[in-house]
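For reference, data.csv (CSV, C-alpha atoms):
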```
chain,number,residue,atom,x,y,z
A,46,MET,CA,-34.9,-73.3,8.2
A,47,ASN,CA,-33.8,-71.1,5.3
A,48,GLU,CA,-34.6,-67.4,5.5
A,49,PHE,CA,-37.2,-65.9,3.2
A,50,LEU,CA,-34.7,-63.6,1.5
A,51,SER,CA,-32.3,-66.4,0.6
A,52,ILE,CA,-34.8,-68.2,-1.8
A,53,THR,CA,-33.0,-68.6,-5.1
A,54,SER,CA,-36.1,-69.0,-7.3
A,55,PRO,CA,-39.9,-69.0,-7.3
A,56,LEU,CA,-39.7,-72.8,-8.0
A,57,SER,CA,-37.7,-73.5,-4.8
A,58,PHE,CA,-40.2,-71.4,-2.9
A,59,VAL,CA,-43.0,-73.8,-3.9
A,60,ILE,CA,-41.2,-77.2,-4.1
A,61,GLU,CA,-38.8,-77.3,-1.2
A,62,PRO,CA,-41.4,-77.1,1.6
A,63,LEU,CA,-43.4,-79.9,0.0
A,64,SER,CA,-40.6,-82.3,0.9
A,65,HIS,CA,-41.8,-82.2,4.5
A,66,GLU,CA,-44.9,-84.1,5.6
A,67,PHE,CA,-45.9,-81.5,8.2
A,68,MET,CA,-45.9,-78.8,5.4
A,69,ARG,CA,-48.1,-80.9,3.1
A,70,ARG,CA,-50.5,-81.5,6.0
A,71,ALA,CA,-50.5,-77.8,7.0
A,72,LEU,CA,-51.1,-76.7,3.4
A,73,MET,CA,-54.0,-79.1,2.9
A,74,VAL,CA,-55.7,-78.2,6.2
A,75,SER,CA,-55.2,-74.5,5.8
A,76,ALA,CA,-56.6,-74.5,2.3
A,77,LEU,CA,-59.6,-76.6,3.3
A,78,VAL,CA,-60.4,-74.4,6.4
A,79,GLY,CA,-59.8,-71.3,4.3
A,80,GLY,CA,-62.2,-72.3,1.7
A,81,VAL,CA,-64.9,-73.3,4.2
A,82,CYS,CA,-64.5,-70.0,6.1
A,83,GLY,CA,-64.5,-68.1,2.8
A,84,LEU,CA,-67.9,-69.7,1.9
A,85,LEU,CA,-69.4,-68.9,5.3
A,86,SER,CA,-68.0,-65.4,5.3
A,87,CYS,CA,-70.3,-64.4,2.4
A,88,TYR,CA,-73.3,-65.1,4.6
A,89,MET,CA,-71.7,-63.3,7.5
A,90,THR,CA,-71.0,-60.3,5.4
A,91,LEU,CA,-74.5,-60.1,4.0
A,92,LYS,CA,-76.0,-60.5,7.5
A,93,GLY,CA,-73.6,-58.0,9.1
A,94,TRP,CA,-72.5,-60.5,11.8
A,95,ALA,CA,-68.8,-59.5,12.3
A,96,LEU,CA,-69.4,-59.0,16.0
A,97,MET,CA,-71.2,-62.4,16.3
A,98,GLY,CA,-68.3,-64.1,14.6
A,99,ASP,CA,-66.0,-62.5,17.1
A,100,ALA,CA,-68.1,-63.6,19.9
A,101,VAL,CA,-68.4,-67.2,18.9
A,102,SER,CA,-64.7,-67.5,18.1
A,103,HIS,CA,-63.7,-66.3,21.5
A,104,ALA,CA,-66.4,-68.1,23.4
A,105,VAL,CA,-65.2,-71.5,22.4
A,106,MET,CA,-62.0,-71.2,24.4
A,107,PRO,CA,-63.3,-72.6,27.7
A,108,GLY,CA,-64.9,-75.4,25.8
A,109,VAL,CA,-61.5,-76.4,24.3
A,110,VAL,CA,-60.0,-76.4,27.8
A,111,VAL,CA,-62.8,-78.4,29.4
A,112,ALA,CA,-62.7,-80.9,26.5
A,113,TYR,CA,-59.0,-81.5,26.9
A,114,ALA,CA,-59.3,-81.8,30.6
A,115,LEU,CA,-62.0,-84.5,30.2
A,116,GLY,CA,-60.2,-86.3,27.5
A,117,LEU,CA,-62.8,-85.5,24.9
A,118,PRO,CA,-62.2,-84.2,21.3
A,119,PHE,CA,-61.7,-80.4,21.6
A,120,SER,CA,-64.3,-79.9,18.8
A,121,ILE,CA,-67.1,-81.2,21.1
A,122,GLY,CA,-66.3,-78.8,23.9
A,123,ALA,CA,-65.7,-75.9,21.6
A,124,PHE,CA,-69.0,-76.4,19.7
A,125,VAL,CA,-71.0,-76.7,23.0
A,126,PHE,CA,-69.6,-73.5,24.4
A,127,GLY,CA,-70.0,-71.7,21.0
A,128,VAL,CA,-73.6,-72.6,20.7
A,129,GLY,CA,-74.1,-71.9,24.4
A,130,SER,CA,-72.7,-68.4,24.0
A,131,VAL,CA,-75.1,-67.7,21.2
A,132,ALA,CA,-78.1,-69.0,23.3
A,133,LEU,CA,-76.9,-66.8,26.2
A,134,ILE,CA,-76.7,-63.7,23.9
A,135,GLY,CA,-80.2,-64.3,22.7
A,136,PHE,CA,-81.5,-64.9,26.3
A,137,VAL,CA,-80.0,-61.7,27.7
A,138,LYS,CA,-81.1,-59.6,24.7
A,139,GLN,CA,-84.7,-60.8,25.1
A,140,LYS,CA,-84.8,-60.4,28.9
A,141,SER,CA,-83.1,-57.0,29.2
A,142,ARG,CA,-83.1,-53.6,27.6
A,143,ILE,CA,-79.4,-53.9,26.6
A,144,LYS,CA,-78.7,-53.7,22.9
A,145,GLU,CA,-77.4,-56.7,21.0
A,146,ASP,CA,-73.9,-55.4,20.3
A,147,THR,CA,-73.4,-54.7,24.0
A,148,VAL,CA,-74.6,-58.1,25.0
A,149,ILE,CA,-72.3,-59.7,22.5
A,150,GLY,CA,-69.3,-57.8,24.0
A,151,LEU,CA,-70.3,-58.9,27.5
A,152,VAL,CA,-70.7,-62.6,26.7
A,153,PHE,CA,-67.7,-63.2,24.5
A,154,THR,CA,-65.3,-61.3,26.9
A,155,GLY,CA,-66.8,-63.2,29.8
A,156,PHE,CA,-66.4,-66.6,28.1
A,157,PHE,CA,-62.9,-65.7,26.9
A,158,ALA,CA,-61.8,-64.7,30.4
A,159,LEU,CA,-63.3,-68.0,31.8
A,160,GLY,CA,-61.1,-69.9,29.3
A,161,LEU,CA,-58.0,-68.0,30.4
A,162,VAL,CA,-58.8,-68.8,34.1
A,163,LEU,CA,-59.4,-72.5,33.3
A,164,VAL,CA,-56.1,-72.7,31.4
A,165,SER,CA,-54.3,-71.4,34.4
A,166,LYS,CA,-56.0,-73.7,37.0
A,167,ILE,CA,-56.6,-77.0,35.2
A,168,LYS,CA,-53.5,-79.1,35.2
A,169,SER,CA,-53.0,-80.3,31.6
A,170,ASN,CA,-50.6,-80.1,28.7
A,171,ILE,CA,-52.7,-77.5,27.0
A,172,ASP,CA,-50.6,-74.9,25.2
A,173,LEU,CA,-52.3,-71.5,25.5
A,174,MET,CA,-50.4,-70.1,22.5
A,175,HIS,CA,-51.7,-73.1,20.4
A,176,ILE,CA,-55.3,-72.2,21.4
A,177,LEU,CA,-54.9,-68.5,20.8
A,178,PHE,CA,-52.9,-68.5,17.6
A,179,GLY,CA,-53.3,-72.0,16.0
A,180,SER,CA,-50.6,-74.3,14.9
A,181,PRO,CA,-51.2,-75.8,11.4
A,182,LEU,CA,-47.6,-76.8,11.1
A,183,GLY,CA,-47.9,-79.2,14.1
A,184,ILE,CA,-51.4,-80.5,13.5
A,185,SER,CA,-51.9,-84.2,14.4
A,186,ASP,CA,-53.6,-86.8,12.3
A,187,SER,CA,-56.7,-86.9,14.6
A,188,ASP,CA,-57.0,-83.2,14.4
A,189,VAL,CA,-56.8,-83.4,10.6
A,190,GLN,CA,-59.7,-85.9,10.6
A,191,GLN,CA,-61.8,-83.7,12.9
A,192,THR,CA,-61.2,-80.7,10.7
A,193,ILE,CA,-62.2,-82.6,7.6
A,194,ILE,CA,-65.4,-83.9,9.2
A,195,ILE,CA,-66.3,-80.5,10.5
A,196,SER,CA,-65.6,-78.8,7.2
A,197,ALA,CA,-67.8,-81.4,5.4
A,198,ILE,CA,-70.7,-80.8,7.8
A,199,VAL,CA,-70.4,-77.0,7.3
A,200,VAL,CA,-70.3,-77.2,3.5
A,201,THR,CA,-73.2,-79.7,3.4
A,202,ILE,CA,-75.4,-77.5,5.5
A,203,LEU,CA,-74.6,-74.3,3.6
A,204,LEU,CA,-75.3,-76.0,0.3
A,205,LEU,CA,-78.5,-77.7,1.4
A,206,PHE,CA,-80.0,-74.4,2.8
A,207,ARG,CA,-78.2,-72.1,0.4
A,208,ARG,CA,-81.2,-70.2,-1.1
A,209,ASP,CA,-83.0,-69.9,2.2
A,210,LEU,CA,-79.9,-68.7,4.0
A,211,MET,CA,-79.1,-66.2,1.3
A,212,LEU,CA,-82.5,-64.7,1.4
A,213,TYR,CA,-82.5,-64.7,5.2
A,214,CYS,CA,-79.2,-62.9,5.3
A,215,PHE,CA,-80.1,-60.4,2.6
A,216,ASP,CA,-83.7,-59.6,3.8
A,217,ALA,CA,-85.0,-61.5,6.8
A,218,THR,CA,-88.3,-59.7,6.7
A,219,HIS,CA,-89.1,-60.8,3.2
A,220,ALA,CA,-88.0,-64.3,4.0
A,221,ARG,CA,-90.4,-64.4,6.9
A,222,SER,CA,-93.2,-63.0,4.8
A,223,ILE,CA,-93.0,-65.8,2.2
A,224,GLY,CA,-93.2,-68.5,4.9
A,225,ILE,CA,-89.5,-69.3,5.6
A,226,ASN,CA,-88.9,-70.1,9.2
A,227,THR,CA,-86.2,-67.5,10.0
A,228,GLY,CA,-85.9,-68.7,13.6
A,229,ILE,CA,-84.6,-72.0,12.5
A,230,LEU,CA,-82.3,-70.4,9.9
A,231,HIS,CA,-80.9,-68.0,12.6
A,232,TYR,CA,-79.8,-70.8,14.9
A,233,LEU,CA,-78.7,-73.0,12.0
A,234,LEU,CA,-76.4,-70.3,10.8
A,235,LEU,CA,-75.1,-69.7,14.3
A,236,SER,CA,-74.4,-73.4,14.7
A,237,VAL,CA,-72.5,-73.5,11.4
A,238,LEU,CA,-70.6,-70.5,12.6
A,239,SER,CA,-69.6,-72.3,15.8
A,240,LEU,CA,-68.4,-75.3,13.8
A,241,ALA,CA,-66.4,-73.1,11.4
A,242,ALA,CA,-64.8,-71.4,14.3
A,243,VAL,CA,-63.8,-74.8,15.7
A,244,ALA,CA,-62.2,-75.7,12.4
A,245,GLY,CA,-60.4,-72.4,12.2
A,246,LEU,CA,-58.8,-72.9,15.6
A,247,GLN,CA,-56.3,-75.3,14.0
A,248,THR,CA,-55.0,-72.8,11.5
A,249,VAL,CA,-55.2,-69.3,13.0
A,250,GLY,CA,-56.4,-69.8,16.5
A,251,ILE,CA,-59.1,-68.1,18.5
A,252,ILE,CA,-57.8,-64.6,18.2
A,253,LEU,CA,-57.6,-64.5,14.4
A,254,VAL,CA,-60.3,-66.9,13.3
A,255,VAL,CA,-62.8,-64.0,13.1
A,256,ALA,CA,-60.7,-62.6,10.2
A,257,MET,CA,-61.1,-65.8,8.2
A,258,LEU,CA,-64.9,-65.6,8.8
A,259,ILE,CA,-65.1,-61.9,7.7
A,260,THR,CA,-62.3,-60.8,5.4
A,261,PRO,CA,-62.8,-63.1,2.4
A,262,GLY,CA,-66.5,-62.2,2.2
A,263,ALA,CA,-65.8,-58.5,2.5
A,264,THR,CA,-63.2,-58.7,-0.2
A,265,ALA,CA,-65.5,-60.5,-2.6
A,266,TYR,CA,-68.4,-58.1,-1.8
A,267,LEU,CA,-66.2,-55.3,-3.2
A,268,LEU,CA,-65.7,-57.2,-6.4
A,269,THR,CA,-69.1,-58.3,-7.5
A,270,ASP,CA,-72.9,-57.8,-6.9
A,271,ARG,CA,-73.8,-61.4,-7.7
A,272,PHE,CA,-73.9,-63.8,-4.7
A,273,ASP,CA,-72.8,-66.9,-6.7
A,274,ARG,CA,-69.7,-65.0,-8.0
A,275,MET,CA,-69.1,-63.6,-4.5
A,276,THR,CA,-68.9,-67.1,-3.0
A,277,TYR,CA,-66.4,-68.3,-5.6
A,278,LEU,CA,-64.2,-65.2,-5.1
A,279,ALA,CA,-64.3,-65.5,-1.3
A,280,ILE,CA,-63.4,-69.2,-1.4
A,281,LEU,CA,-60.6,-68.6,-3.9
A,282,SER,CA,-59.1,-65.7,-2.1
A,283,SER,CA,-59.3,-67.4,1.3
A,284,ALA,CA,-57.8,-70.6,0.1
A,285,ILE,CA,-55.0,-68.8,-1.7
A,286,SER,CA,-54.3,-66.6,1.3
A,287,SER,CA,-54.1,-69.7,3.5
A,288,ILE,CA,-51.7,-71.5,1.2
A,289,LEU,CA,-49.5,-68.4,0.6
A,290,GLY,CA,-49.6,-67.6,4.4
A,291,VAL,CA,-48.3,-71.0,5.2
A,292,TYR,CA,-45.5,-70.7,2.7
A,293,ILE,CA,-44.4,-67.3,3.9
A,294,SER,CA,-44.5,-68.5,7.5
A,295,TYR,CA,-42.2,-71.4,6.6
A,296,TRP,CA,-39.6,-69.3,4.8
A,297,SER,CA,-39.6,-66.3,7.1
A,298,ASP,CA,-40.1,-68.2,10.4
A,299,ILE,CA,-43.1,-66.2,11.6
A,300,GLU,CA,-46.4,-67.1,13.2
A,301,THR,CA,-48.5,-69.0,10.6
A,302,GLY,CA,-51.9,-67.7,11.7
A,303,GLY,CA,-50.8,-64.1,11.6
A,304,SER,CA,-49.2,-64.7,8.2
A,305,ILE,CA,-52.4,-66.1,6.8
A,306,VAL,CA,-54.5,-63.2,8.1
A,307,LEU,CA,-52.0,-60.6,6.9
A,308,VAL,CA,-52.2,-62.0,3.3
A,309,GLN,CA,-56.0,-61.9,3.5
A,310,THR,CA,-55.8,-58.3,4.7
A,311,VAL,CA,-53.4,-57.3,1.8
A,312,ILE,CA,-55.8,-58.9,-0.7
A,313,PHE,CA,-58.7,-56.9,0.9
A,314,LEU,CA,-56.7,-53.7,0.6
A,315,ILE,CA,-56.0,-54.3,-3.0
A,316,ALA,CA,-59.7,-54.9,-3.7
A,317,PHE,CA,-60.5,-51.8,-1.6
A,318,LEU,CA,-58.3,-49.7,-3.8
A,319,PHE,CA,-58.6,-51.2,-7.2
A,320,ALA,CA,-62.0,-53.0,-7.4
A,321,PRO,CA,-63.4,-52.3,-10.9
A,322,ARG,CA,-66.6,-50.8,-9.6
A,323,TYR,CA,-66.3,-50.2,-5.9
A,324,GLY,CA,-62.6,-49.5,-5.4
A,325,ILE,CA,-61.9,-46.0,-4.0
A,326,LEU,CA,-59.4,-45.2,-6.8
A,327,LYS,CA,-62.1,-46.1,-9.4
A,328,SER,CA,-64.6,-43.9,-7.6
A,329,GLN,CA,-62.2,-41.0,-7.5
A,330,VAL,CA,-61.5,-41.3,-11.2
A,331,SER,CA,-65.2,-41.5,-12.0
A,332,THR,CA,-65.9,-38.4,-9.9
A,333,HIS,CA,-63.2,-36.4,-11.7
A,334,LEU,CA,-64.6,-37.5,-15.1
```

For this file, write the structure as structure tokens.
Amino acid sequence: MNEFLSITSPLSFVIEPLSHEFMRRALMVSALVGGVCGLLSCYMTLKGWALMGDAVSHAVMPGVVVAYALGLPFSIGAFVFGVGSVALIGFVKQKSRIKEDTVIGLVFTGFFALGLVLVSKIKSNIDLMHILFGSPLGISDSDVQQTIIISAIVVTILLLFRRDLMLYCFDATHARSIGINTGILHYLLLSVLSLAAVAGLQTVGIILVVAMLITPGATAYLLTDRFDRMTYLAILSSAISSILGVYISYWSDIETGGSIVLVQTVIFLIAFLFAPRYGILKSQVSTHL
């Protein structure tokens, strides 16, 4: 594979990788998952669920291992354990005096440790690095189909319940006062989060999927006060990050998931510094004036 520094022109940077089937597949899946996670990240940012996203993304690991061992689609096991972790967090929080952030930390580290133990004990062809860091360049046709189906389900749910979910994330008390069943919305959003985490496993893996569920929304939140515009910006930035990250990983021979997340982080830092209204440089200039 050619080195990143040896690229002769921007055109070759874009065109040459497209001659490979695995690259076309990786770009399509990464852009799709990036867009879906970008959409969901807006709700996560408004709700302040960064820790919950971290918990679910790590808790799905034993589900992936069990599903592979039983010959089932990994998405089924991951979804069951993702939802199970959420239910366990709610149960422990209700039945004890421990605060929610502590419960989240206990549950997701426990589930993640269980996954590591299962990987070491269950005889299978499971690649631990594939689970932890993703592998969009080696994704199979069946995994592509699963990812498309999961992404379609997530987008459909978010669009159908868009207004209710937006109000619930922004002000749950007000949503409850006007008759919206916030309990159902709570578990619906957590279920969608579990599904998105499963989809993200293919591109960035368990370790980094939380970044795809948080960073795009946080970036867009710095750029606008309107939720509609926020969703568009988050989807766009996440999809572009995914595509550019795949290209960079191809040319520089680095981990694809890490490359995608690094690009997302750079975009966030640019917004953090130069956002027209909320960038820190803009704030400093306004203060001096």

At a cut-off of 12 Å, can you tabulate as a tab-separated table every residue of region 186-221 of chain A near region 263-285 of chain A together with its closest atom pair and the distance in Å to one decimal, using all atoms listed in the file and ordering rows by chain then number?
```
residue	atom	partner	partner_atom	distance
A:Val200	CA	A:Ile280	CA	11.6
A:Leu203	CA	A:Thr276	CA	11.3
A:Leu204	CA	A:Thr276	CA	11.4
A:Arg207	CA	A:Asp273	CA	10.3
A:Arg208	CA	A:Phe272	CA	10.4
A:Leu210	CA	A:Phe272	CA	11.6
A:Met211	CA	A:Phe272	CA	8.3
A:Leu212	CA	A:Phe272	CA	10.6
A:Cys214	CA	A:Phe272	CA	11.4
A:Phe215	CA	A:Phe272	CA	10.2
```

Legend entry - Interatomic distance (Å, one decimal) between CA of Thr201 (chain A) and CA of Leu115 (chain A): 29.4 Å

Contacts between region 63-81 of chain A and region 217-301 of chain A, please, where a residue of region 217-301 of chain A counts if it comes within 12 Å (with only C-alpha atoms); show its shortest atom pair and distance in Å to one decimal, rows by chain and ascending number, as a tab-separated table.
```
residue	atom	partner	partner_atom	distance
A:Val237	CA	A:Val81	CA	10.5
A:Leu238	CA	A:Val81	CA	10.5
A:Leu240	CA	A:Val81	CA	10.4
A:Ala241	CA	A:Val81	CA	7.4
A:Ala242	CA	A:Val78	CA	9.5
A:Val243	CA	A:Val78	CA	9.9
A:Ala244	CA	A:Val78	CA	6.4
A:Gly245	CA	A:Val78	CA	6.1
A:Leu246	CA	A:Val78	CA	9.5
A:Gln247	CA	A:Ser75	CA	8.3
A:Thr248	CA	A:Ser75	CA	6.0
A:Val249	CA	A:Ser75	CA	8.9
A:Gly250	CA	A:Ser75	CA	11.7
A:Val254	CA	A:Gly79	CA	10.0
A:Val255	CA	A:Gly79	CA	11.8
A:Ala256	CA	A:Gly79	CA	10.6
A:Met257	CA	A:Gly79	CA	6.9
A:Leu258	CA	A:Gly79	CA	8.9
A:Ile259	CA	A:Gly79	CA	11.3
A:Thr260	CA	A:Gly79	CA	10.8
A:Pro261	CA	A:Gly79	CA	8.9
A:Gly262	CA	A:Gly80	CA	11.0
A:Thr276	CA	A:Gly80	CA	9.7
A:Tyr277	CA	A:Gly80	CA	9.3
A:Leu278	CA	A:Gly80	CA	10.0
A:Ala279	CA	A:Gly80	CA	7.7
A:Ile280	CA	A:Gly80	CA	4.5
A:Leu281	CA	A:Gly80	CA	6.9
A:Ser282	CA	A:Gly80	CA	8.2
A:Ser283	CA	A:Gly79	CA	4.9
A:Ala284	CA	A:Ala76	CA	4.6
A:Ile285	CA	A:Ala76	CA	7.1
A:Ser286	CA	A:Gly79	CA	7.8
A:Ser287	CA	A:Ser75	CA	5.4
A:Ile288	CA	A:Leu72	CA	5.7
A:Leu289	CA	A:Leu72	CA	8.9
A:Gly290	CA	A:Ser75	CA	9.0
A:Val291	CA	A:Leu72	CA	6.6
A:Tyr292	CA	A:Leu72	CA	8.2
A:Ile293	CA	A:Leu72	CA	11.6
A:Ser294	CA	A:Met68	CA	10.6
A:Tyr295	CA	A:Met68	CA	8.4
A:Trp296	CA	A:Met68	CA	11.4
A:Thr301	CA	A:Ala71	CA	9.7
```

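The smallest atom-to-atom distance between Leu230 (chain A) and any of A:Asp216, A:Asp209, A:Asp298, A:Glu61, using only C-alpha atoms, is found for A:Asp209.
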
Legend entry - Residue neighbourhood His103 (chain A), 6 Å, all atoms listed in the file, exclusion window fewer than 4 positions, as a PyMOL selection string: chain A and resi 153+157+251

Legend entry - Surrounding residues of Gly303 (chain A) excluding itself and chain neighbours under 3 positions, 9 Å, only C-alpha atoms, as a ChimeraX atom specification: /A:178,249,253,290,294,299-300,306-308

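CA of Val105 (chain A) sits 16.2 Å away from CA of Ser165 (chain A).
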
Legend entry - Closest of A:Ala158, A:Val152, A:Tyr88, A:Ser185 to Phe206 (chain A) - atom-to-atom distances counting only C-alpha atoms: A:Tyr88

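The space separating CA of Val148 (chain A) from CA of Leu96 (chain A) comes to 10.4 Å.
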
With all atoms of region 235-247 of chain A from the file as input, state the centre and edge lengths in Å to one decimal of the axis-aligned box that has 3 Å extra on each side, as lines of an AutoDock Vina configuration file.
```
center_x = -65.7
center_y = -72.7
center_z = 13.6
size_x = 24.8
size_y = 12.0
size_z = 10.4
```

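Between Gly150 (chain A) and the residues A:Val111, A:Ile325, A:Val59, A:Val131, the shortest atom-to-atom distance, using all atoms listed in the file, involves A:Val131.
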
Legend entry - All residues 10 Å or closer to Gly228 (chain A), all atoms listed in the file, same chain fewer than 6 positions away omitted, as JSON, numbers by chain: {"A": [213, 217, 221]}

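Using only C-alpha atoms, the shortest contact distance between Ala114 (chain A) and any of A:Ile193, A:Leu91, A:Leu205, A:Ile167 is found at A:Ile167.
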
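Each of A:Ala104, A:Leu314, A:Leu56, A:Val164 was checked against Ile134 (chain A) using only C-alpha atoms; the smallest atom-to-atom distance is that of A:Ala104.
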